[in-house]
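Shown next: run_6.cif, containing mmCIF, C-alpha atoms.
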```cif
data_target
#
loop_
_atom_site.label_atom_id
_atom_site.label_comp_id
_atom_site.auth_asym_id
_atom_site.auth_seq_id
_atom_site.Cartn_x
_atom_site.Cartn_y
_atom_site.Cartn_z
CA MET A 1 0.00 0.00 0.00
CA ASP A 2 1.43 3.40 -0.95
CA GLU A 3 1.75 6.35 1.44
CA LYS A 4 -1.35 8.14 0.11
CA ALA A 5 -3.50 5.02 0.60
CA LYS A 6 -2.08 4.58 4.13
CA ALA A 7 -3.00 8.19 4.96
CA ILE A 8 -6.56 7.75 3.63
CA LEU A 9 -7.02 4.50 5.56
CA ASN A 10 -5.57 5.97 8.77
CA GLU A 11 -7.90 8.99 8.53
CA TYR A 12 -10.90 6.68 8.01
CA LEU A 13 -10.00 4.53 11.03
CA ILE A 14 -9.53 7.64 13.20
CA ASN A 15 -12.90 9.03 12.06
CA ILE A 16 -14.56 5.72 12.98
CA SER A 17 -12.89 5.64 16.40
CA ASN A 18 -13.92 9.22 17.20
CA PHE A 19 -17.49 8.53 16.07
CA TYR A 20 -17.72 5.38 18.21
CA ALA A 21 -16.53 7.30 21.28
CA MET A 22 -19.31 9.84 20.75
CA LEU A 23 -21.91 7.10 20.15
CA ALA A 24 -20.89 5.29 23.35
CA GLU A 25 -21.73 8.43 25.35
CA TRP A 26 -25.07 8.85 23.57
CA LEU A 27 -25.97 5.20 24.13
CA LYS A 28 -25.03 5.35 27.82
CA ASP A 29 -27.60 8.14 28.24
CA LYS A 30 -30.28 5.72 27.01
CA SER A 31 -29.12 2.81 29.23
CA LEU A 32 -27.69 0.96 26.24
CA PHE A 33 -24.16 -0.31 26.03
CA CYS A 34 -21.80 -1.21 23.24
CA GLU A 35 -18.83 -3.41 22.48
CA GLU A 36 -16.22 -3.15 19.72
CA LYS A 37 -15.25 -6.20 17.67
CA ASP A 38 -12.77 -6.69 14.86
CA HIS A 39 -14.19 -6.52 11.35
CA ASN A 40 -12.16 -7.42 8.25
CA ILE A 41 -12.51 -5.30 5.12
CA ASN A 42 -10.87 -5.84 1.74
CA GLU A 43 -10.66 -2.91 -0.65
CA LYS A 44 -8.81 -2.72 -3.94
CA ALA A 45 -6.91 0.44 -2.97
CA SER A 46 -5.65 -0.92 0.36
CA GLY A 47 -5.96 -4.67 0.38
CA GLU A 48 -7.26 -6.34 3.54
CA TYR A 49 -7.35 -4.45 6.82
CA THR A 50 -9.11 -4.68 10.17
CA ALA A 51 -11.49 -2.03 11.45
CA LYS A 52 -13.75 -2.10 14.49
CA LYS A 53 -17.49 -2.61 14.33
CA LEU A 54 -19.66 -1.46 17.22
CA ILE A 55 -22.28 -3.83 18.61
CA VAL A 56 -25.17 -2.14 20.47
CA PHE A 57 -26.89 -4.05 23.28
CA LYS A 58 -30.07 -3.43 25.25
CA ASP A 59 -28.78 -5.79 27.94
CA ALA A 60 -26.44 -8.77 28.13
CA GLY A 61 -27.00 -11.01 25.13
CA ASN A 62 -29.70 -8.77 23.64
CA GLN A 63 -28.12 -7.14 20.59
CA ILE A 64 -30.28 -4.50 18.91
CA ALA A 65 -27.93 -3.22 16.19
CA GLU A 66 -24.41 -2.97 14.90
CA ILE A 67 -22.45 -0.19 13.28
CA CYS A 68 -20.30 -1.82 10.65
CA PRO A 69 -17.52 -0.14 8.61
CA VAL A 70 -17.85 -0.67 4.86
CA GLY A 71 -14.86 1.14 3.37
CA ALA A 72 -12.65 4.19 3.14
CA TRP A 73 -12.83 4.48 -0.66
CA ILE A 74 -16.41 5.53 -1.35
CA ILE A 75 -17.52 7.56 -4.37
CA GLY A 76 -18.57 11.02 -3.20
CA ALA A 77 -17.45 10.49 0.42
CA SER A 78 -14.42 9.81 2.62
CA GLY A 79 -15.74 6.63 4.18
CA ARG A 80 -18.89 4.69 4.93
CA ILE A 81 -20.35 2.80 7.87
CA ASP A 82 -23.70 1.02 8.02
CA LEU A 83 -26.14 1.01 10.92
CA ILE A 84 -27.72 -2.45 10.77
CA GLY A 85 -30.62 -3.82 12.80
CA ASP A 86 -33.11 -6.66 12.45
CA PHE A 87 -35.62 -4.45 10.63
CA ASP A 88 -33.60 -2.11 8.42
CA GLN A 89 -30.21 -0.72 7.50
CA GLN A 90 -29.06 2.90 7.21
CA ILE A 91 -25.95 4.18 5.45
CA LEU A 92 -23.77 6.83 7.08
CA ILE A 93 -20.99 8.53 5.12
CA TYR A 94 -18.11 10.76 6.14
CA LEU A 95 -18.01 14.04 4.25
CA LYS A 96 -15.18 16.50 4.60
CA THR A 97 -14.41 19.98 3.43
CA LYS A 98 -11.59 20.39 0.94
CA THR A 99 -9.04 23.13 0.64
CA LEU A 100 -8.02 23.63 -2.97
CA THR A 101 -4.41 23.80 -4.07
CA THR A 102 -3.66 25.15 -7.53
CA VAL A 103 -0.51 25.21 -9.62
CA SER A 104 0.45 28.40 -11.45
CA SER A 105 2.11 28.55 -14.87
CA ASP A 106 5.60 28.62 -13.37
CA GLU A 107 4.69 25.47 -11.39
CA GLU A 108 4.78 27.07 -7.95
CA LYS A 109 2.16 25.77 -5.58
CA CYS A 110 -0.36 28.32 -4.46
CA ASP A 111 -2.71 27.46 -1.59
CA VAL A 112 -6.25 28.68 -1.93
CA SER A 113 -7.43 28.73 1.65
CA GLU A 114 -11.17 28.67 1.15
CA ASN A 115 -13.27 25.65 1.91
CA HIS A 116 -15.18 23.99 -0.88
CA TYR A 117 -18.08 21.78 -0.02
CA SER A 118 -19.24 18.59 -1.66
CA PRO A 119 -21.23 19.40 -4.79
CA TYR A 120 -23.16 16.14 -4.34
CA TYR A 121 -25.12 16.87 -1.17
CA LYS A 122 -27.40 19.68 0.00
CA GLY A 123 -26.99 20.52 3.67
CA PHE A 124 -23.28 19.68 3.91
CA ARG A 125 -21.21 22.42 5.52
CA THR A 126 -18.62 20.87 7.82
CA SER A 127 -16.62 17.65 8.03
CA GLY A 128 -18.36 14.79 9.81
CA TRP A 129 -20.63 11.76 9.57
CA TYR A 130 -23.82 12.31 7.58
CA TRP A 131 -27.02 10.47 6.78
CA ILE A 132 -28.41 11.08 3.31
CA GLU A 133 -32.18 11.45 3.70
CA ASP A 134 -33.00 11.14 0.03
CA ARG A 135 -30.28 9.85 -2.29
CA ARG A 136 -32.17 11.17 -5.31
CA LEU A 137 -32.28 14.71 -3.92
CA GLY A 138 -28.94 14.43 -2.12
CA LYS A 139 -30.15 15.92 1.17
CA ALA A 140 -27.47 15.41 3.84
CA HIS A 141 -27.99 15.62 7.62
CA VAL A 142 -25.10 15.67 10.07
CA VAL A 143 -25.47 12.76 12.51
CA SER A 144 -26.58 14.35 15.78
CA LYS A 145 -27.59 12.48 18.93
CA GLU A 146 -31.28 12.93 18.10
CA LEU A 147 -30.87 11.76 14.50
CA PHE A 148 -28.74 8.77 15.50
CA LEU A 149 -31.30 7.62 18.07
CA ASP A 150 -34.10 8.02 15.49
CA LEU A 151 -32.14 5.92 12.99
CA LEU A 152 -31.31 3.34 15.66
CA ALA A 153 -35.02 3.08 16.55
CA GLU A 154 -35.88 2.62 12.88
CA VAL A 155 -33.40 -0.19 12.22
CA SER A 156 -33.95 -2.01 15.52
CA ASP A 157 -37.59 -1.26 16.39
CA HIS A 158 -36.31 -0.33 19.87
CA GLU A 159 -38.25 2.46 21.57
CA PHE A 160 -36.46 5.18 23.53
#
```
Rewrite the coordinates I just gave you, this time as structure tokens.
Amino acid sequence: MDEKAKAILNEYLINISNFYAMLAEWLKDKSLFCEEKDHNINEKASGEYTAKKLIVFKDAGNQIAEICPVGAWIIGASGRIDLIGDFDQQILIYLKTKTLTTVSSDEEKCDVSENHYSPYYKGFRTSGWYWIEDRRLGKAHVVSKELFLDLLAEVSDHEF
């Protein structure tokens, strides 16, 4: 794996880890608990690697959902994880702002320090995990505690 691919993969794994830490706090507030388990992924750009999936439990032995990494190389995003329950599945993607770098005619690098947002999704303004409400319309919602718990209820049929 080349250095660029390693950097992309490392960023993806860090984004997952940070997201799981936030989810663990949200779940604790609802008397749910979670456990991380290894999950193998094989992507063309990186080969096989291990990421963590997050299993969500109502109580011991009563799993209601899992958050499962899918990949770092996703068209239109910088990573994907799926929220999977017995009744449904929801896709969450990581979107990030980009700072453009241009090259002038004398081949000197010139940083353009303005953020450019994804042209694919309405509602995207800052880097983070998003749920796309309507793929056809491309309406993105940042994953907040309230949204996550709504999605968790939908996939698991668990009431909060």
With only C-alpha atoms as the counted atoms, please give the residues lying no more than 12 Å from range 20-37 of chain A, apart from itself and same-chain residues fewer than 3 positions off, as an mmCIF file with C-alpha atoms, in the coordinates of the input.
```
data_model
loop_
_atom_site.group_PDB
_atom_site.id
_atom_site.type_symbol
_atom_site.label_atom_id
_atom_site.label_comp_id
_atom_site.auth_asym_id
_atom_site.auth_seq_id
_atom_site.Cartn_x
_atom_site.Cartn_y
_atom_site.Cartn_z
ATOM 1 C CA LEU A 13 -10.000 4.530 11.030
ATOM 2 C CA ILE A 14 -9.530 7.640 13.200
ATOM 3 C CA ASN A 15 -12.900 9.030 12.060
ATOM 4 C CA ILE A 16 -14.560 5.720 12.980
ATOM 5 C CA SER A 17 -12.890 5.640 16.400
ATOM 6 C CA ASN A 40 -12.160 -7.420 8.250
ATOM 7 C CA THR A 50 -9.110 -4.680 10.170
ATOM 8 C CA ALA A 51 -11.490 -2.030 11.450
ATOM 9 C CA LYS A 52 -13.750 -2.100 14.490
ATOM 10 C CA LYS A 53 -17.490 -2.610 14.330
ATOM 11 C CA LEU A 54 -19.660 -1.460 17.220
ATOM 12 C CA ILE A 55 -22.280 -3.830 18.610
ATOM 13 C CA VAL A 56 -25.170 -2.140 20.470
ATOM 14 C CA PHE A 57 -26.890 -4.050 23.280
ATOM 15 C CA LYS A 58 -30.070 -3.430 25.250
ATOM 16 C CA ASP A 59 -28.780 -5.790 27.940
ATOM 17 C CA ALA A 60 -26.440 -8.770 28.130
ATOM 18 C CA GLY A 61 -27.000 -11.010 25.130
ATOM 19 C CA ASN A 62 -29.700 -8.770 23.640
ATOM 20 C CA GLN A 63 -28.120 -7.140 20.590
ATOM 21 C CA ILE A 64 -30.280 -4.500 18.910
ATOM 22 C CA ALA A 65 -27.930 -3.220 16.190
ATOM 23 C CA GLU A 66 -24.410 -2.970 14.900
ATOM 24 C CA ILE A 67 -22.450 -0.190 13.280
ATOM 25 C CA CYS A 68 -20.300 -1.820 10.650
ATOM 26 C CA PRO A 69 -17.520 -0.140 8.610
ATOM 27 C CA ILE A 81 -20.350 2.800 7.870
ATOM 28 C CA LEU A 83 -26.140 1.010 10.920
ATOM 29 C CA TRP A 129 -20.630 11.760 9.570
ATOM 30 C CA VAL A 143 -25.470 12.760 12.510
ATOM 31 C CA SER A 144 -26.580 14.350 15.780
ATOM 32 C CA LYS A 145 -27.590 12.480 18.930
ATOM 33 C CA GLU A 146 -31.280 12.930 18.100
ATOM 34 C CA LEU A 147 -30.870 11.760 14.500
ATOM 35 C CA PHE A 148 -28.740 8.770 15.500
ATOM 36 C CA LEU A 149 -31.300 7.620 18.070
ATOM 37 C CA LEU A 152 -31.310 3.340 15.660
ATOM 38 C CA ALA A 153 -35.020 3.080 16.550
ATOM 39 C CA HIS A 158 -36.310 -0.330 19.870
ATOM 40 C CA GLU A 159 -38.250 2.460 21.570
ATOM 41 C CA PHE A 160 -36.460 5.180 23.530
#
```
Using all atoms listed in the file, find each residue in range 23-58 of chain A having at least one atom no more than 12 Å away from range 3-6 of chain A; report its shortest atom-to-atom pair and that distance in Å (one decimal), rows by chain then rising number, as JSON lines.
```
{"residue": "A:Glu43", "atom": "CA", "partner": "A:Ala5", "partner_atom": "CA", "distance": 10.8}
{"residue": "A:Lys44", "atom": "CA", "partner": "A:Ala5", "partner_atom": "CA", "distance": 10.4}
{"residue": "A:Ala45", "atom": "CA", "partner": "A:Ala5", "partner_atom": "CA", "distance": 6.7}
{"residue": "A:Ser46", "atom": "CA", "partner": "A:Ala5", "partner_atom": "CA", "distance": 6.3}
{"residue": "A:Gly47", "atom": "CA", "partner": "A:Ala5", "partner_atom": "CA", "distance": 10.0}
{"residue": "A:Tyr49", "atom": "CA", "partner": "A:Lys6", "partner_atom": "CA", "distance": 10.8}
```
Keeping only C-alpha atoms, write the selected residues to a file as an mmCIF file, in the coordinates of the input.
```cif
data_model
loop_
_atom_site.group_PDB
_atom_site.id
_atom_site.type_symbol
_atom_site.label_atom_id
_atom_site.label_comp_id
_atom_site.auth_asym_id
_atom_site.auth_seq_id
_atom_site.Cartn_x
_atom_site.Cartn_y
_atom_site.Cartn_z
ATOM 1 C CA GLU A 43 -10.660 -2.910 -0.650
ATOM 2 C CA LYS A 44 -8.810 -2.720 -3.940
ATOM 3 C CA ALA A 45 -6.910 0.440 -2.970
ATOM 4 C CA SER A 46 -5.650 -0.920 0.360
ATOM 5 C CA GLY A 47 -5.960 -4.670 0.380
ATOM 6 C CA TYR A 49 -7.350 -4.450 6.820
#
```
Distance of CA of Val142 in chain A from CA of Asp38 in chain A, expressed in Å to one decimal place
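Between CA of Asp38 in chain A and CA of Val142 in chain A the gap works out to 26.0 Å.
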What separation in Å, quoted to one decimal, exists between CA of Glu11 in chain A and CA of Ala140 in chain A?
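According to the coordinates, CA of Glu11 in chain A and CA of Ala140 in chain A are separated by 21.1 Å.
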Straight-line distance linking CA of Glu48 in chain A with CA of Leu9 in chain A, stated in Å to one decimal
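Between CA of Glu48 in chain A and CA of Leu9 in chain A the gap is 11.0 Å.
For Gly79 in chain A, the non-local neighbours within 8 Å, defined as residues at least 5 positions apart in the same chain or in other chains and counting only C-alpha atoms, are Tyr12, Val70, Gly71, Ala72, Trp73, Ile74, Ile93, Tyr94 and Leu95 of chain A.
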Which residues would end up in the selection if the PyMOL selection byres ((chain A and resi 87) around 8) were applied here, given that I need the answer as a list in words?
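Listing what the PyMOL selection byres ((chain A and resi 87) around 8) selects in the shown file: Gly85, Asp86, Asp88, Gln89, Glu154, Val155, Ser156 and Asp157 of chain A.
Nearest to Thr97 in chain A of all the residues A:Asp150, A:Tyr121, A:Asn42, A:Thr126 is A:Thr126, based on all atoms listed in the file.
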So which one's closest to Ser78 in chain A, A:Asp134, A:Ser127, A:Gln90, A:His39? Using only C-alpha atoms, please.
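Residue with the minimum atom-to-atom distance to Ser78 in chain A: A:Ser127.
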